[in-house]
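Data block for input32.pdb (PDB, C-alpha atoms):
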MODEL        1
ATOM      1  CA  MET I 475       0.000   0.000   0.000  1.00  0.00           C
ATOM      2  CA  ASP I 476       1.269   3.481  -0.869  1.00  0.00           C
ATOM      3  CA  ASN I 477       2.156   5.801   2.008  1.00  0.00           C
ATOM      4  CA  LEU I 478       0.268   8.986   1.145  1.00  0.00           C
ATOM      5  CA  SER I 479       1.549  12.304   2.441  1.00  0.00           C
ATOM      6  CA  ALA I 480      -0.663  15.030   3.858  1.00  0.00           C
ATOM      7  CA  ILE I 481      -2.472  17.212   1.327  1.00  0.00           C
ATOM      8  CA  GLU I 482      -1.025  20.710   0.990  1.00  0.00           C
ATOM      9  CA  THR I 483      -3.811  23.135   1.926  1.00  0.00           C
ATOM     10  CA  THR I 484      -3.984  26.714   0.705  1.00  0.00           C
ATOM     11  CA  ARG I 485      -5.977  29.462   2.389  1.00  0.00           C
ATOM     12  CA  LYS I 486      -9.210  30.099   0.484  1.00  0.00           C
ATOM     13  CA  ASN I 487     -10.902  33.475   0.028  1.00  0.00           C
ATOM     14  CA  GLY I 488     -14.499  32.334  -0.468  1.00  0.00           C
ATOM     15  CA  ASP I 489     -15.059  33.170  -4.125  1.00  0.00           C
ATOM     16  CA  GLU I 490     -13.815  29.780  -5.383  1.00  0.00           C
ATOM     17  CA  PRO I 491     -16.687  28.389  -7.511  1.00  0.00           C
ATOM     18  CA  PHE I 492     -18.196  24.924  -7.520  1.00  0.00           C
ATOM     19  CA  GLU I 493     -17.778  23.329 -10.939  1.00  0.00           C
ATOM     20  CA  PHE I 494     -19.650  20.700 -12.951  1.00  0.00           C
ATOM     21  CA  ASN I 495     -18.895  19.467 -16.474  1.00  0.00           C
ATOM     22  CA  GLY I 496     -16.167  22.081 -16.805  1.00  0.00           C
ATOM     23  CA  THR I 497     -18.513  24.952 -15.963  1.00  0.00           C
ATOM     24  CA  SER I 498     -18.589  27.166 -12.861  1.00  0.00           C
ATOM     25  CA  LEU I 499     -21.901  26.885 -11.005  1.00  0.00           C
ATOM     26  CA  PRO I 500     -23.760  29.844  -9.410  1.00  0.00           C
ATOM     27  CA  MET I 501     -22.504  28.888  -5.946  1.00  0.00           C
ATOM     28  CA  ASP I 502     -19.139  29.393  -4.333  1.00  0.00           C
ATOM     29  CA  LEU I 503     -17.162  28.429  -1.258  1.00  0.00           C
ATOM     30  CA  LEU I 504     -18.510  31.415   0.686  1.00  0.00           C
ATOM     31  CA  SER I 505     -22.058  30.151   0.171  1.00  0.00           C
ATOM     32  CA  PHE I 506     -20.972  26.780   1.606  1.00  0.00           C
ATOM     33  CA  TRP I 507     -19.361  28.463   4.612  1.00  0.00           C
ATOM     34  CA  GLN I 508     -22.541  30.456   5.220  1.00  0.00           C
ATOM     35  CA  TRP I 509     -24.660  27.305   4.926  1.00  0.00           C
ATOM     36  CA  SER I 510     -22.456  25.082   7.111  1.00  0.00           C
ATOM     37  CA  SER I 511     -20.926  27.431   9.651  1.00  0.00           C
ATOM     38  CA  SER I 512     -23.448  30.115  10.582  1.00  0.00           C
ATOM     39  CA  ASP I 513     -24.515  28.413  13.842  1.00  0.00           C
ATOM     40  CA  ILE I 514     -21.630  29.656  15.968  1.00  0.00           C
ATOM     41  CA  VAL I 515     -23.494  29.038  19.229  1.00  0.00           C
ATOM     42  CA  GLY I 516     -23.745  25.261  18.638  1.00  0.00           C
ATOM     43  CA  ASN I 517     -21.076  23.048  20.200  1.00  0.00           C
ATOM     44  CA  ALA I 518     -19.136  22.016  17.083  1.00  0.00           C
ATOM     45  CA  MET I 519     -18.687  25.411  15.435  1.00  0.00           C
ATOM     46  CA  ARG I 520     -18.318  27.259  18.772  1.00  0.00           C
ATOM     47  CA  GLY I 521     -15.297  25.073  19.537  1.00  0.00           C
ATOM     48  CA  ILE I 522     -13.661  26.007  16.240  1.00  0.00           C
ATOM     49  CA  LEU I 523     -14.563  29.662  16.820  1.00  0.00           C
ATOM     50  CA  ALA I 524     -12.903  29.486  20.261  1.00  0.00           C
ATOM     51  CA  GLU I 525      -9.720  28.194  18.609  1.00  0.00           C
ATOM     52  CA  TYR I 526      -9.836  31.098  16.161  1.00  0.00           C
ATOM     53  CA  ILE I 527     -10.347  33.609  18.987  1.00  0.00           C
ATOM     54  CA  VAL I 528      -7.331  32.267  20.884  1.00  0.00           C
ATOM     55  CA  ALA I 529      -5.274  32.110  17.670  1.00  0.00           C
ATOM     56  CA  SER I 530      -6.149  35.752  16.958  1.00  0.00           C
ATOM     57  CA  SER I 531      -5.097  36.788  20.467  1.00  0.00           C
ATOM     58  CA  VAL I 532      -1.564  35.465  19.842  1.00  0.00           C
ATOM     59  CA  GLY I 533      -1.385  36.659  16.222  1.00  0.00           C
ATOM     60  CA  MET I 534      -1.668  33.215  14.619  1.00  0.00           C
ATOM     61  CA  ASN I 535      -5.000  33.506  12.774  1.00  0.00           C
ATOM     62  CA  SER I 536      -3.704  34.287   9.284  1.00  0.00           C
ATOM     63  CA  GLY I 537      -2.836  30.709   8.355  1.00  0.00           C
ATOM     64  CA  ILE I 538      -5.026  27.611   8.168  1.00  0.00           C
ATOM     65  CA  ARG I 539      -6.410  25.555  11.040  1.00  0.00           C
ATOM     66  CA  THR I 540      -4.956  22.026  11.184  1.00  0.00           C
ATOM     67  CA  GLU I 541      -7.820  19.801  12.279  1.00  0.00           C
ATOM     68  CA  TRP I 542      -5.963  16.704  13.480  1.00  0.00           C
ATOM     69  CA  ASP I 543      -2.744  18.127  14.936  1.00  0.00           C
ATOM     70  CA  ALA I 544      -1.618  17.107  18.433  1.00  0.00           C
ATOM     71  CA  PHE I 545      -2.517  20.566  19.805  1.00  0.00           C
ATOM     72  CA  ASP I 546      -4.595  23.456  18.516  1.00  0.00           C
ATOM     73  CA  ILE I 547      -2.268  26.468  18.257  1.00  0.00           C
ATOM     74  CA  GLU I 548       1.419  27.253  18.452  1.00  0.00           C
ATOM     75  CA  THR I 549       2.212  30.811  19.543  1.00  0.00           C
ATOM     76  CA  PRO I 550       4.993  32.890  17.952  1.00  0.00           C
ATOM     77  CA  GLU I 551       7.082  31.973  21.030  1.00  0.00           C
ATOM     78  CA  GLY I 552       6.618  28.244  20.307  1.00  0.00           C
ATOM     79  CA  ILE I 553       4.111  27.598  23.108  1.00  0.00           C
ATOM     80  CA  LYS I 554       1.755  24.727  22.262  1.00  0.00           C
ATOM     81  CA  VAL I 555      -1.827  25.554  23.249  1.00  0.00           C
ATOM     82  CA  GLU I 556      -4.887  23.320  23.614  1.00  0.00           C
ATOM     83  CA  VAL I 557      -8.217  25.175  23.384  1.00  0.00           C
ATOM     84  CA  LYS I 558     -11.469  23.939  24.936  1.00  0.00           C
ATOM     85  CA  SER I 559     -14.833  25.678  24.918  1.00  0.00           C
ATOM     86  CA  GLY I 560     -18.065  25.605  26.891  1.00  0.00           C
ATOM     87  CA  ALA I 561     -21.270  27.655  27.048  1.00  0.00           C
ATOM     88  CA  TYR I 562     -24.341  27.987  29.230  1.00  0.00           C
ATOM     89  CA  VAL I 563     -26.564  28.730  26.227  1.00  0.00           C
ATOM     90  CA  GLN I 564     -26.981  26.347  23.287  1.00  0.00           C
ATOM     91  CA  SER I 565     -28.585  26.834  19.897  1.00  0.00           C
ATOM     92  CA  TRP I 566     -31.284  24.274  20.689  1.00  0.00           C
ATOM     93  CA  GLU I 567     -34.226  24.635  23.095  1.00  0.00           C
ATOM     94  CA  GLN I 568     -33.137  24.379  26.733  1.00  0.00           C
ATOM     95  CA  LYS I 569     -35.010  23.968  30.011  1.00  0.00           C
ATOM     96  CA  LYS I 570     -31.974  25.176  31.961  1.00  0.00           C
ATOM     97  CA  HIS I 571     -28.471  26.405  31.308  1.00  0.00           C
ATOM     98  CA  SER I 572     -25.867  23.786  30.389  1.00  0.00           C
ATOM     99  CA  THR I 573     -23.456  22.475  33.006  1.00  0.00           C
ATOM    100  CA  ILE I 574     -19.935  23.501  32.077  1.00  0.00           C
ATOM    101  CA  GLN I 575     -17.517  20.627  31.577  1.00  0.00           C
ATOM    102  CA  PHE I 576     -14.371  20.480  29.436  1.00  0.00           C
ATOM    103  CA  SER I 577     -12.573  17.529  27.861  1.00  0.00           C
ATOM    104  CA  ILE I 578      -8.977  17.145  29.081  1.00  0.00           C
ATOM    105  CA  ARG I 579      -8.393  13.623  27.766  1.00  0.00           C
ATOM    106  CA  PRO I 580      -4.740  12.640  27.230  1.00  0.00           C
ATOM    107  CA  THR I 581      -4.130  11.584  23.633  1.00  0.00           C
ATOM    108  CA  GLN I 582      -1.725   9.972  21.223  1.00  0.00           C
ATOM    109  CA  GLY I 583      -0.833  13.134  19.379  1.00  0.00           C
ATOM    110  CA  TRP I 584      -0.612  13.233  15.588  1.00  0.00           C
ATOM    111  CA  ASP I 585       2.049  15.347  13.920  1.00  0.00           C
ATOM    112  CA  SER I 586       0.764  16.847  10.658  1.00  0.00           C
ATOM    113  CA  GLU I 587       4.301  17.457   9.370  1.00  0.00           C
ATOM    114  CA  SER I 588       5.587  13.909   9.902  1.00  0.00           C
ATOM    115  CA  ASN I 589       2.138  12.332   9.328  1.00  0.00           C
ATOM    116  CA  GLU I 590       2.755  10.062  12.319  1.00  0.00           C
ATOM    117  CA  ARG I 591       1.051   9.407  15.654  1.00  0.00           C
ATOM    118  CA  ASN I 592       3.001   9.590  18.929  1.00  0.00           C
ATOM    119  CA  ILE I 593       3.292   6.358  20.882  1.00  0.00           C
ATOM    120  CA  GLU I 594       2.965   8.009  24.314  1.00  0.00           C
ATOM    121  CA  VAL I 595      -0.516   8.886  25.578  1.00  0.00           C
ATOM    122  CA  ARG I 596      -0.326  12.292  27.245  1.00  0.00           C
ATOM    123  CA  ARG I 597      -1.568  15.857  27.095  1.00  0.00           C
ATOM    124  CA  GLN I 598       0.290  17.260  24.101  1.00  0.00           C
ATOM    125  CA  ALA I 599       0.148  21.023  24.749  1.00  0.00           C
ATOM    126  CA  ASP I 600       2.138  23.222  27.130  1.00  0.00           C
ATOM    127  CA  VAL I 601      -0.874  25.317  28.135  1.00  0.00           C
ATOM    128  CA  TYR I 602      -4.659  24.823  28.162  1.00  0.00           C
ATOM    129  CA  VAL I 603      -7.048  27.682  27.451  1.00  0.00           C
ATOM    130  CA  PHE I 604     -10.619  26.992  28.577  1.00  0.00           C
ATOM    131  CA  CYS I 605     -12.937  29.410  26.752  1.00  0.00           C
ATOM    132  CA  LEU I 606     -16.288  29.976  28.421  1.00  0.00           C
ATOM    133  CA  LEU I 607     -19.048  31.786  26.545  1.00  0.00           C
ATOM    134  CA  LYS I 608     -20.402  33.130  29.838  1.00  0.00           C
ATOM    135  CA  HIS I 609     -23.403  35.059  28.467  1.00  0.00           C
ATOM    136  CA  LYS I 610     -26.682  33.519  29.685  1.00  0.00           C
ATOM    137  CA  ASP I 611     -29.378  35.337  27.675  1.00  0.00           C
ATOM    138  CA  GLN I 612     -30.456  33.484  24.507  1.00  0.00           C
ATOM    139  CA  THR I 613     -31.934  36.617  22.936  1.00  0.00           C
ATOM    140  CA  SER I 614     -28.684  38.603  23.067  1.00  0.00           C
ATOM    141  CA  ILE I 615     -25.968  35.957  22.914  1.00  0.00           C
ATOM    142  CA  ASN I 616     -23.304  36.807  20.348  1.00  0.00           C
ATOM    143  CA  PRO I 617     -20.094  34.731  20.298  1.00  0.00           C
ATOM    144  CA  LEU I 618     -18.467  37.424  18.118  1.00  0.00           C
ATOM    145  CA  ASN I 619     -18.738  39.850  21.064  1.00  0.00           C
ATOM    146  CA  LEU I 620     -15.592  38.939  22.962  1.00  0.00           C
ATOM    147  CA  ASP I 621     -16.917  40.682  26.090  1.00  0.00           C
ATOM    148  CA  GLN I 622     -19.301  37.708  26.400  1.00  0.00           C
ATOM    149  CA  TRP I 623     -16.356  35.320  26.891  1.00  0.00           C
ATOM    150  CA  VAL I 624     -14.026  34.591  29.797  1.00  0.00           C
ATOM    151  CA  PHE I 625     -10.808  32.592  29.442  1.00  0.00           C
ATOM    152  CA  TYR I 626      -9.165  30.290  31.988  1.00  0.00           C
ATOM    153  CA  VAL I 627      -5.469  29.691  31.317  1.00  0.00           C
ATOM    154  CA  LEU I 628      -3.671  26.802  32.998  1.00  0.00           C
ATOM    155  CA  PRO I 629      -0.264  25.140  32.552  1.00  0.00           C
ATOM    156  CA  THR I 630      -0.647  21.541  31.414  1.00  0.00           C
ATOM    157  CA  GLY I 631       1.673  20.511  34.249  1.00  0.00           C
ATOM    158  CA  THR I 632      -0.921  21.703  36.776  1.00  0.00           C
ATOM    159  CA  LEU I 633      -3.556  19.497  35.145  1.00  0.00           C
ATOM    160  CA  ASN I 634      -1.227  16.513  35.098  1.00  0.00           C
ATOM    161  CA  GLN I 635      -0.279  16.907  38.764  1.00  0.00           C
ATOM    162  CA  SER I 636      -3.814  17.592  39.984  1.00  0.00           C
ATOM    163  CA  VAL I 637      -6.038  15.264  37.951  1.00  0.00           C
ATOM    164  CA  GLY I 638      -3.698  12.699  36.365  1.00  0.00           C
ATOM    165  CA  ALA I 639      -5.255  10.914  33.394  1.00  0.00           C
ATOM    166  CA  GLN I 640      -8.759  12.229  34.129  1.00  0.00           C
ATOM    167  CA  LYS I 641     -10.738  12.739  30.875  1.00  0.00           C
ATOM    168  CA  SER I 642     -12.880  15.755  31.753  1.00  0.00           C
ATOM    169  CA  ILE I 643     -13.128  18.563  34.278  1.00  0.00           C
ATOM    170  CA  THR I 644     -16.058  20.650  35.536  1.00  0.00           C
ATOM    171  CA  LEU I 645     -15.838  24.421  35.813  1.00  0.00           C
ATOM    172  CA  ASN I 646     -15.844  24.224  39.639  1.00  0.00           C
ATOM    173  CA  SER I 647     -12.971  21.734  39.620  1.00  0.00           C
ATOM    174  CA  LEU I 648     -11.087  23.841  37.092  1.00  0.00           C
ATOM    175  CA  GLU I 649     -11.498  26.965  39.228  1.00  0.00           C
ATOM    176  CA  SER I 650     -10.147  25.055  42.248  1.00  0.00           C
ATOM    177  CA  LEU I 651      -6.827  24.713  40.359  1.00  0.00           C
ATOM    178  CA  ASN I 652      -6.425  28.531  40.380  1.00  0.00           C
ATOM    179  CA  PRO I 653      -6.118  29.163  36.646  1.00  0.00           C
ATOM    180  CA  SER I 654      -5.582  32.682  35.368  1.00  0.00           C
ATOM    181  CA  LYS I 655      -9.073  34.042  34.623  1.00  0.00           C
ATOM    182  CA  VAL I 656      -8.682  36.676  31.933  1.00  0.00           C
ATOM    183  CA  LYS I 657     -10.415  38.720  29.246  1.00  0.00           C
ATOM    184  CA  TYR I 658      -9.536  38.527  25.552  1.00  0.00           C
ATOM    185  CA  GLY I 659      -7.015  41.366  25.664  1.00  0.00           C
ATOM    186  CA  GLU I 660      -5.028  39.608  28.402  1.00  0.00           C
ATOM    187  CA  LEU I 661      -4.889  36.184  26.747  1.00  0.00           C
ATOM    188  CA  HIS I 662      -1.487  36.298  25.043  1.00  0.00           C
ATOM    189  CA  ALA I 663       0.332  37.559  28.132  1.00  0.00           C
ATOM    190  CA  SER I 664      -1.465  35.001  30.282  1.00  0.00           C
ATOM    191  CA  ILE I 665      -0.503  32.124  27.955  1.00  0.00           C
ATOM    192  CA  LYS I 666       3.148  33.225  28.051  1.00  0.00           C
ATOM    193  CA  ALA I 667       3.053  33.485  31.852  1.00  0.00           C
ATOM    194  CA  ALA I 668       1.475  30.011  32.188  1.00  0.00           C
ATOM    195  CA  ALA I 669       4.128  28.477  29.934  1.00  0.00           C
ATOM    196  CA  ASN I 670       6.858  29.849  32.204  1.00  0.00           C
ATOM    197  CA  LYS I 671       5.396  28.400  35.427  1.00  0.00           C
TER     198      LYS I 671
ENDMDL
END
Produce structure tokens that represent the structure in this file.
Amino acid sequence: MDNLSAIETTRKNGDEPFEFNGTSLPMDLLSFWQWSSSDIVGNAMRGILAEYIVASSVGMNSGIRTEWDAFDIETPEGIKVEVKSGAYVQSWEQKKHSTIQFSIRPTQGWDSESNERNIEVRRQADVYVFCLLKHKDQTSINPLNLDQWVFYVLPTGTLNQSVGAQKSITLNSLESLNPSKVKYGELHASIKAAANK
């Protein structure tokens, strides 16, 4: 069997057309993005949005997101960051606000450059950023308003020492570990400080 390398991905601008029988169709990549990604309150897209928000805070949002890498973002200083998100409000009908819980599962990291999986099961990043969309009113929730978010920054070493191989953590348990609780404008400095602890 051939060993296939990773596909080289280029950043798209949205006006790339769909084609059929050698002809451009009256729909483009932007229309797909609008169709597939407009629900930014829902769990799946909110998680990707949280990664983008953290990437933008450290100046790393001009490239392309790597979906299956061992960690989510690498800062200009070389700090590996894992991003997790949670929210009280969901895009579906709720009887009460969601309980906040984040995945912290150790993994066998995959390296997109070498196209290989690590043998060791561990937490791959240097720092975790837990992004909480704290706003609780469904009628005015707006994940693009960064004032509606709060960010908890924690060195991975603190997680490892405190919870071992535990797979998830509640907000109360996370707060008991004394993470830095910061606003968007303080994120980059907080990530650098956590990496140096």
>> Please enumerate the residues selected by the PyMOL selection byres ((chain I and resi 562-573) around 10) when evaluated against the supplied file, formatted as a list in words.
In response: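 Checked against the file, the PyMOL selection byres ((chain I and resi 562-573) around 10) matches Asp513, Ile514, Val515, Gly516, Asn517, Arg520, Gly560, Ala561, Ile574, Gln575, Phe576, Leu606, Leu607, Lys608, His609, Lys610, Asp611, Gln612, Ile615, Thr644 and Leu645 of chain I.
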Give me, as a Markdown table, the closest atom pair and its distance (Å, one decimal) for every residue of stretch 537-561 of chain I within a cut-off of 9 Å of stretch 656-667 of chain I, counting only C-alpha atoms, rows sorted by chain and rising number.
| residue | atom | partner | partner_atom | distance |
| --- | --- | --- | --- | --- |
| I:Thr549 | CA | I:His662 | CA | 8.6 |
| I:Glu551 | CA | I:Lys666 | CA | 8.1 |
| I:Ile553 | CA | I:Lys666 | CA | 7.6 |
| I:Val555 | CA | I:Ile665 | CA | 8.2 |
Which centre and which edge lengths, in Å to one decimal, describe the axis-aligned box that holds all listed atoms of stretch 479-489 of chain I after 3 Å is added on each side, as AutoDock Vina command-line options?
--center_x -6.8 --center_y 22.9 --center_z -0.1 --size_x 22.6 --size_y 27.2 --size_z 14.0
>> Considering only C-alpha atoms, can you say which of I:Leu651, I:Ile578, I:Asn616, I:Ser530 comes closest to I:Glu548?
In response: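 Going through I:Leu651, I:Ile578, I:Asn616, I:Ser530 one by one, the smallest distance to I:Glu548 is for I:Ser530.
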Against stretch 628-634 of chain I, which residues of stretch 545-574 of chain I fall within 12 Å? For each one I want the closest pair of atoms and the distance in Å (one decimal), counting only C-alpha atoms, rows by chain and increasing residue number, as CSV.
residue,atom,partner,partner_atom,distance
I:Phe545,CA,I:Thr630,CA,11.8
I:Ile553,CA,I:Pro629,CA,10.7
I:Lys554,CA,I:Thr630,CA,10.0
I:Val555,CA,I:Thr630,CA,9.2
I:Glu556,CA,I:Thr630,CA,9.1
I:Val557,CA,I:Leu628,CA,10.8
I:Lys558,CA,I:Leu628,CA,11.6
>> Just want the 9 Å neighbourhood of stretch 501-505 of chain I, counted on all atoms listed in the file, with same-chain residues fewer than 6 positions away dropped. Output as a ChimeraX atom specification.
In response: /I:486-493
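Between atom CA of I:Leu618 and atom CA of I:Ile527 the separation is 9.0 Å.
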> Hey, can you check how far atom CA of I:Arg539 sits from atom CA of I:Tyr526?
Replying inline: 8.3 Å
